[in-house]
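*Asks:* Take a look at this one; I'll ask things after.
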Amino acid sequence: MRLGSGSFAACCVVVEVLGLAVFLRGFFPAPVRSTSSSEHRAEAPVPEPAAGASSNWTKLPPPLFSKVVIVLIDALRDDFVFGSKGVKFMPYTSYLVEKGAAHSFVAEAKPPTVTMPRIKALMTGSLPGFVDVVRNLNSPALLEDSVLRQAKAAGKRIIFYGDETWVKLFPKHFVEYDGTTSFFVSDYTEVDNNVTRHLDKVLKRGDWDVLILHYLGLDHIGHVFGPSSPLIGHKLSEMDGILTRIHTSLLSEERKALSPSLLVLCGDHGMSETGSHGASSLEEVNTPLILISSSFERKPEPGFEQFKVSERLHRNWIKLYLEENSSAALLNLGVKLRRQYLDAIRTLSLSLSRQVAQYDIYSMVVGTVVVLEVLALLLLSIPQALSNKAELEVPLLSPMFSLLFYLMFLVLSAIHVIVCTSTESSCYFCSLSWLTAAGVMVLISALLCAVVSALSEMFVDGKLQRKNTGPSNSRWSELDLLILLGTMGHVLSLGASSFIEEEHQTWYFLTSTLCLALCHEIYRNCFLGNCCEPGLGGAVVALQDEDAGKVHKSHTPLDSLRGSEKWMALASPWVILTCCRLLRSLNQTGVQWAHRPDLGHWLTSSDHKAALSALSAFCLVVTFVLLQRRCSRTSRVAMALGLLGVYCYRAATGSLLLPWQRDKAASKGIVEARFVYIFILGILFTGARDLLKSQVAAANPKCKAVGLWEMYSGLALLAALLLRPHNLPVLVLSLLIQTLMTSFIWKPLGHDAAEVTVMHYWFGQAFFYFQGNSNSISTVDVSVGFVGLDSYMEIPAVLLTAFATYAGPVLWAIHLVNFLSSETCRGPAMSHACFCYALVCSFPVSVYIILVTSLRYHLFIWSVFSPKLLYEGMHLLITAAVCLFFTAMDQTGTRSRISS
């Protein structure tokens with residue numbers, strides 16, 4: 001069966017997404033089930049003791065506390081309580097810690113530092129699975145043993161107010177509850193008032209044993225304004241006042257009941273310097289844990305006494321060492337003491353690693369095999385896919401009736417039966433139905449046969465070509481070698497944690513080197529003439545005269561540029577380099593230098609709001625100038641009004657200034673944002689209408705190009721709305737670089753579709769980091785998911801957050817479609833671009849899953865490698881959508897050419 005290279009690449013990426021999904025399901029360990037008694041066992045009746053027996057083993061020990069109040073303040077960093085801010089804004093809490101009526105600790109939260117996994121860790125005492133970072137958006141019921149389950153089984157009455165995640169995790173544990181939406185980060189006032197409004201009446205009642213309060217306002221302030229905002233201090237003072245009310249009420253009840261109560265103050269995670277969380281920096285993992293009770297004034301905890309005994313024993317060993325430093329007994333005692341320490345640490349480490357690293361190896365292997373087979377098929381299909389016809393013969397029927405296919409299917413079926421009947425732990429792939437598992441085995445067998453067929457065909461064709469033709473004189477250009485070596489070097493760098501943490505440096509280096517290579521190519525063509533052989537996409541064409549044996553060189557496309565255009569071509573690489581250098585100074589990202597001040601911090605300071613307002617206005621005007629040139633008149637008006645609405649929205653939220661309203665109080669800007677959404681949808685609808693017109697044979701051939709550009713402009717307007725004001729230069733310079741490279745580099749130099757595609761991919765990756773993103777979850781700006789929303793809606797919030805995070809790669813991919821669609825003379829350029837885009841995105845994913853599998857017990861597997869794996873998975877999903885869009889546009893172009 002013959003397929004276009006674009007359609008073939010789109011199918012391959014879709015299959016690769018399925019394989020990666022199976023791998024991720026096996027790689028991220030499922031939550032560890034507790035080995036303790038289940039709920040129905042806990043509620044089973046206790047057997048009566050035998051006659052005459054005096055055993056009292058069924059009696060429970062008396063409770064240490066009459067009531068327990070847990071106050072969990074979301075994103076409460078340790079320095080917010082124990083640092084200078086705690087002394088200033090939480091004086092009552094600081095007094096309790098210093099007085100001795102409380103035991104205070106700095107608790108370390110394990111990544112991912114997001115709310116739902118940390119609640120599970122606090123209540124179960126175990127380390128949740130990393131996949132819980134995805135489940136955080138919609139938490140399923142918790143089936144593990146937990147403190148609340150045991151409290152309910154013991155007849156304790158539990159009341160909860162706050163984050164509704166608790167209600168989802170423990171749906172039948174509370175006798176009374178009131179949940180608040182946790183993801184609407186723009187609200188930091190009502191979300192806490194809805195918790196505190198129940199406080200006074202509950203503290204006066206005596207019909208409860210455990211009270212849990214989860215406050216979200218501090219976390220929301222951090223997401224929107226950052227940890228340095230003055231609102232942080234106000235919120236900490238509010239929380240200190242609430243703790244004062246609770247503690248005072250508990251002390252009053254203690255005088256009546258003559259039994260102590262316990263007040264627990266804690267945080268689920270911390271807050272990074274940008275106000276987000278999810279990664280493993282000290283600011284995100286260090287949280288305060290304070291246990292407040294009057295009983296702590298009379299007697300210590302048992303663990304504290306044990307620690308003191310250990311200190312005294314160690315002190316005696318040191319004293320003996322100082323007195324008899326050459327004694328053989330001292331040496332033996334030291335060796336024994338060292339061995340005891342190491343054994344204890346090794347036991348604890350092994351226990352924790354067994355809980356965390358329960359990988360589903362079988363599912364990981366199945367997913368890896370599918371991904372690697374797809375990659376091999378893409379690599380073997382390069383000669384046919386990038387040929388002039390852009391078609392390749394895909395063996396679909398022959399493998400299904402070959403001996404290799406049946407043998408492979410039988411072997412895989414036998415392996416599946418053996419693994420699923422002998423495995424001791426649960427396996428996701430074994431939990432699937434036999435029909436689904438058989439379908440996956442058929443897919444793996446067919447892909448293997450296709451790879452073998454492609455290998456044999458390549459060997460036979462290569463052998464015949466060597467017999468029938470002489471040696472080839474074609475060679476790769478310098479730009480082709482740079483693209484190949486740069487892509488491979490980036491993939492190999494993913495095996496080191498430091499290169500993943502600072503991956504932005506890799507892309508900055510590659511794009512800068514690419515600009516210098518383009519500069520060299522332009523200057524060589526302008527000043528040195530056509531003295532070099534062209535590469536795959538070179539602008540110089542050497543034609544051999546068969547009769548005279550002479551070589552004639554065609555005119556370079558740069559010769560068609562005259563006057564200022566030629567000077568612009570010479571200056572374009574340097575302008576692009578300058579733009580990239582400015583963007584590098586805008587947002588410090590990564591790990592090592594993320595704390596250093598940058599231009600973005602300066603712009604977002606309250607002292608420079610006027611400068612930020614002027615810069616934002618200028619960027620919006622330039623955005624309109626760069627986008628309107630190919631839009632219809634209606635879309636131009638909508639674009640102008642939409643960009644005006646973007647500025648009004650940011651002014652309404654207090655980020656920017658309006659000249660006529662300098663002291664206006666900040667609001668949520670919901671009306672202004674929805675105003676912009678209307679124009680975004682209008683522009684996208686206009687572009688879709690033009691694309692549908694291009695399906696008609698008699699339609700204007702320009703309809704398709706205009707429609708694509710209008711859809712691109714609509715997405716750019718959406719990016720302008722979602723990006724923070726100080727990131728608007730990222731959008732503007734992205735549009736400027738695309739304009740310069742289109743007009744003065746790609747077209748004049750005649751680069752082919754493969755080279756242009758890889759360049760778009762490189763710049764898309766660089767602009768992902770120019771936005772301030774990194775491979776850490778904490779840099780994901782979740783607040784953009786609620787622009788224009790007055791309540792939490794899961795699907796719009798996820799889509800908006802995903803688009804804002806990947807705005808750079810998405811806009812560069814859509815621009816690639818626009819550029820190739822405008823080049824009508826290039827024939828199969830769209831198919832070539834789709835295939836190259838799929839290949840350049842599949843290669844790092846395929847290699848990275850092998851690296852992650854081999855490094856699954858690495859020290860930084862959950863803090864560095866796993867977040868990067870999630871980012872790569874999301875990027876592959878976006879690649880699948882882009883390839884499908886490529887294929888649709890290619891089919892439209894093919895029908896248009898046939899009708900013409």
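Chain labels run A, B, ... following the order of the structure tokens; each chain numbers its residues from 1, and ligands are numbered from 1 in the order shown.
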With only C-alpha atoms as the counted atoms, please give the residues lying no more than 10 Å from Leu492 in chain A, apart from itself and same-chain residues fewer than 5 positions off, as a list in words.
*Replies:*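 Result of the neighbour search: Gly486, Thr487, Phe499, Pro844, Val847, Tyr848 and Leu851 of chain A.
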*Asks:* For the residues in that selection, give me N, CA and C atoms as a PDB file, in the first residue's frame.
*Replies:*
```
ATOM      1  N   GLY A 486      23.777  18.666  15.862  1.00  0.00           N
ATOM      2  CA  GLY A 486      23.104  19.374  16.945  1.00  0.00           C
ATOM      3  C   GLY A 486      21.955  18.583  17.523  1.00  0.00           C
ATOM      4  N   THR A 487      21.146  17.963  16.642  1.00  0.00           N
ATOM      5  CA  THR A 487      20.021  17.161  17.124  1.00  0.00           C
ATOM      6  C   THR A 487      20.510  15.954  17.900  1.00  0.00           C
ATOM      7  N   PHE A 499      22.400  18.472  32.469  1.00  0.00           N
ATOM      8  CA  PHE A 499      21.997  18.953  31.155  1.00  0.00           C
ATOM      9  C   PHE A 499      20.480  19.063  31.045  1.00  0.00           C
ATOM     10  N   PRO A 844      14.307  12.033  20.109  1.00  0.00           N
ATOM     11  CA  PRO A 844      14.649  12.226  21.526  1.00  0.00           C
ATOM     12  C   PRO A 844      13.752  11.456  22.476  1.00  0.00           C
ATOM     13  N   VAL A 847      14.969   7.697  22.486  1.00  0.00           N
ATOM     14  CA  VAL A 847      16.235   7.507  23.197  1.00  0.00           C
ATOM     15  C   VAL A 847      16.067   7.804  24.685  1.00  0.00           C
ATOM     16  N   TYR A 848      15.220   8.769  25.017  1.00  0.00           N
ATOM     17  CA  TYR A 848      15.101   9.172  26.423  1.00  0.00           C
ATOM     18  C   TYR A 848      14.440   8.095  27.275  1.00  0.00           C
ATOM     19  N   LEU A 851      17.126   5.811  28.277  1.00  0.00           N
ATOM     20  CA  LEU A 851      17.963   6.413  29.317  1.00  0.00           C
ATOM     21  C   LEU A 851      17.259   6.398  30.669  1.00  0.00           C
TER      22      LEU A 851
END
```
*Asks:* Which one is closest to Leu262 in chain A: A:Ser249, A:Ser293, A:Ser776, A:Ser694? Count only C-alpha atoms.
*Replies:*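 Distance minimum relative to Leu262 in chain A lands on A:Ser293.
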*Asks:* Using DSSP on the backbone coordinates, identify all residues within range 543-660 of chain A classified as strand (DSSP E or B); present the result as a count of residues only.
*Replies:* 6
*Asks:* To one decimal place, how far is CA of Thr368 in chain A from CA of Leu884 in chain A in Å?
*Replies:*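 So the answer is 23.0 Å.
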*Asks:* Among range 713-828 of chain A, which ones does DSSP assign to helix (DSSP H, G or I) (computed from the backbone)? Answer as an MDAnalysis selection string.
*Replies:* chainID A and resid 713:722 725:749 753:770 777:779 782:786 794:805 807:822 824:826
*Asks:* What's the 12 Å shell around His103 in chain A, counting only C-alpha atoms, without same-chain residues fewer than 5 positions away, as a list in words?
*Replies:* Thr93, Ser94, Leu96, Val97, Glu98, Leu262, Leu263, Val264, Leu265, Cys266, Pro288, Leu289, Ile290, Leu291, Ile292, Ser293, Ser294, Ser295, Phe296, Glu297, Lys299, Pro300, Glu301 and Phe304 of chain A
*Asks:* Which is closest to Met116 in chain A among A:His269, A:Arg255, A:His858, A:Lys172, if we use only C-alpha atoms?
*Replies:*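 Of all the options, A:His269 lies closest to Met116 in chain A.
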*Asks:* Just the residues within 12 Å of Phe885 in chain A, please, counting only C-alpha atoms, with nothing from its chain fewer than 4 positions along; format it as a ChimeraX atom specification.
*Replies:* /A:6-7,9-10,708,810,813-814,816-818,830-831,833-834,837,878-881,889-892
*Asks:* Write out as a list in words the residues lying within 10 Å of Ser606 in chain A, counting only C-alpha atoms and excluding same-chain residues fewer than 6 positions away.
*Replies:*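 After dropping sequence-adjacent residues, the list is Ser229, Leu612, Ser655 and Leu656 of chain A.
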*Asks:* I'd like the neighbourhood of Leu455 in chain A as an NGL selection string, where a residue qualifies if any of its atoms comes within 9 Å (using only C-alpha atoms), though same-chain residues fewer than 5 positions away should be ignored.
*Replies:* :A and (380 or 450 or 460)
*Asks:* Within 10 Å of Gly645 in chain A, counting only C-alpha atoms, which residues show up once you throw out same-chain ones fewer than 2 positions away? Write them as a list in words, please.
*Replies:*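 Selected residues are Met639, Ala640, Leu641, Gly642, Leu643, Tyr647, Cys648, Tyr649, Arg650, Ala651, Val671, Glu672, Ala673, Arg674, Phe675, Val676, Tyr677, Phe679 and Leu721 of chain A.
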*Asks:* Could you save those same residues with N, CA and C atoms as a short mmCIF file (atom, residue, chain, number, x, y, z; two decimals), in the first residue's frame?
*Replies:*
```
data_model
loop_
_atom_site.label_atom_id
_atom_site.label_comp_id
_atom_site.auth_asym_id
_atom_site.auth_seq_id
_atom_site.Cartn_x
_atom_site.Cartn_y
_atom_site.Cartn_z
N MET A 639 -8.40 41.83 15.40
CA MET A 639 -7.07 41.75 16.02
C MET A 639 -6.77 43.01 16.81
N ALA A 640 -7.08 44.19 16.24
CA ALA A 640 -6.81 45.45 16.93
C ALA A 640 -7.62 45.55 18.22
N LEU A 641 -8.90 45.20 18.15
CA LEU A 641 -9.73 45.26 19.35
C LEU A 641 -9.32 44.21 20.38
N GLY A 642 -8.91 43.04 19.89
CA GLY A 642 -8.47 42.01 20.81
C GLY A 642 -7.22 42.39 21.56
N LEU A 643 -6.24 42.98 20.86
CA LEU A 643 -5.01 43.42 21.53
C LEU A 643 -5.28 44.56 22.50
N TYR A 647 -4.62 44.53 26.79
CA TYR A 647 -4.06 45.56 27.68
C TYR A 647 -5.06 45.92 28.78
N CYS A 648 -6.33 46.05 28.41
CA CYS A 648 -7.35 46.39 29.42
C CYS A 648 -7.48 45.29 30.46
N TYR A 649 -7.34 44.04 30.04
CA TYR A 649 -7.41 42.94 31.00
C TYR A 649 -6.28 43.01 32.01
N ARG A 650 -5.06 43.23 31.52
CA ARG A 650 -3.93 43.31 32.44
C ARG A 650 -4.02 44.54 33.33
N ALA A 651 -4.60 45.62 32.80
CA ALA A 651 -4.79 46.81 33.63
C ALA A 651 -5.85 46.55 34.70
N VAL A 671 -14.47 40.20 32.69
CA VAL A 671 -15.19 40.77 31.54
C VAL A 671 -14.22 41.10 30.41
N GLU A 672 -13.08 41.72 30.75
CA GLU A 672 -12.11 42.08 29.72
C GLU A 672 -11.55 40.86 29.02
N ALA A 673 -11.25 39.80 29.79
CA ALA A 673 -10.69 38.59 29.19
C ALA A 673 -11.71 37.92 28.27
N ARG A 674 -12.96 37.87 28.67
CA ARG A 674 -13.98 37.28 27.81
C ARG A 674 -14.20 38.11 26.56
N PHE A 675 -14.02 39.40 26.69
CA PHE A 675 -14.07 40.29 25.53
C PHE A 675 -13.01 39.88 24.51
N VAL A 676 -11.81 39.55 24.98
CA VAL A 676 -10.74 39.12 24.07
C VAL A 676 -11.06 37.75 23.48
N TYR A 677 -11.61 36.85 24.30
CA TYR A 677 -11.95 35.51 23.80
C TYR A 677 -12.91 35.58 22.61
N PHE A 679 -13.07 37.85 20.26
CA PHE A 679 -12.32 38.17 19.04
C PHE A 679 -11.40 37.02 18.64
N LEU A 721 -2.82 37.13 25.30
CA LEU A 721 -3.71 37.23 26.46
C LEU A 721 -3.20 36.43 27.64
#
```
*Asks:* Check the smallest atom-to-atom distance from each of A:Asp607, A:Ser261, A:Leu749, A:Lys156 to Arg524 in chain A using only C-alpha atoms, then report the winner.
*Replies:*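 Of A:Asp607, A:Ser261, A:Leu749, A:Lys156, the one nearest Arg524 in chain A is A:Leu749, counting only C-alpha atoms.
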*Asks:* Rounded to one decimal place, report the CA of Thr887 in chain A-CA of Leu518 in chain A distance in Å.
*Replies:* 29.2 Å
*Asks:* Quote the spacing between CA of Ala437 in chain A and CA of Ala838 in chain A in Å to one decimal place.
*Replies:*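 Separation of CA of Ala437 in chain A and CA of Ala838 in chain A: 26.5 Å.
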*Asks:* Out of A:Trp507, A:Phe27, A:Trp166, A:Phe65, which residue has the shortest atom-to-atom distance to Pro140 in chain A when counting only C-alpha atoms?
*Replies:*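 Answer, going by the shortest atom-to-atom distance: A:Trp166.
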*Asks:* Rank A:Thr287, A:Phe80, A:His198, A:Leu3 by their smallest atom-to-atom distance to Lys110 in chain A, using only C-alpha atoms, and report the top residue only.
*Replies:*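 Counting only C-alpha atoms, the residue closest to Lys110 in chain A is A:Thr287.
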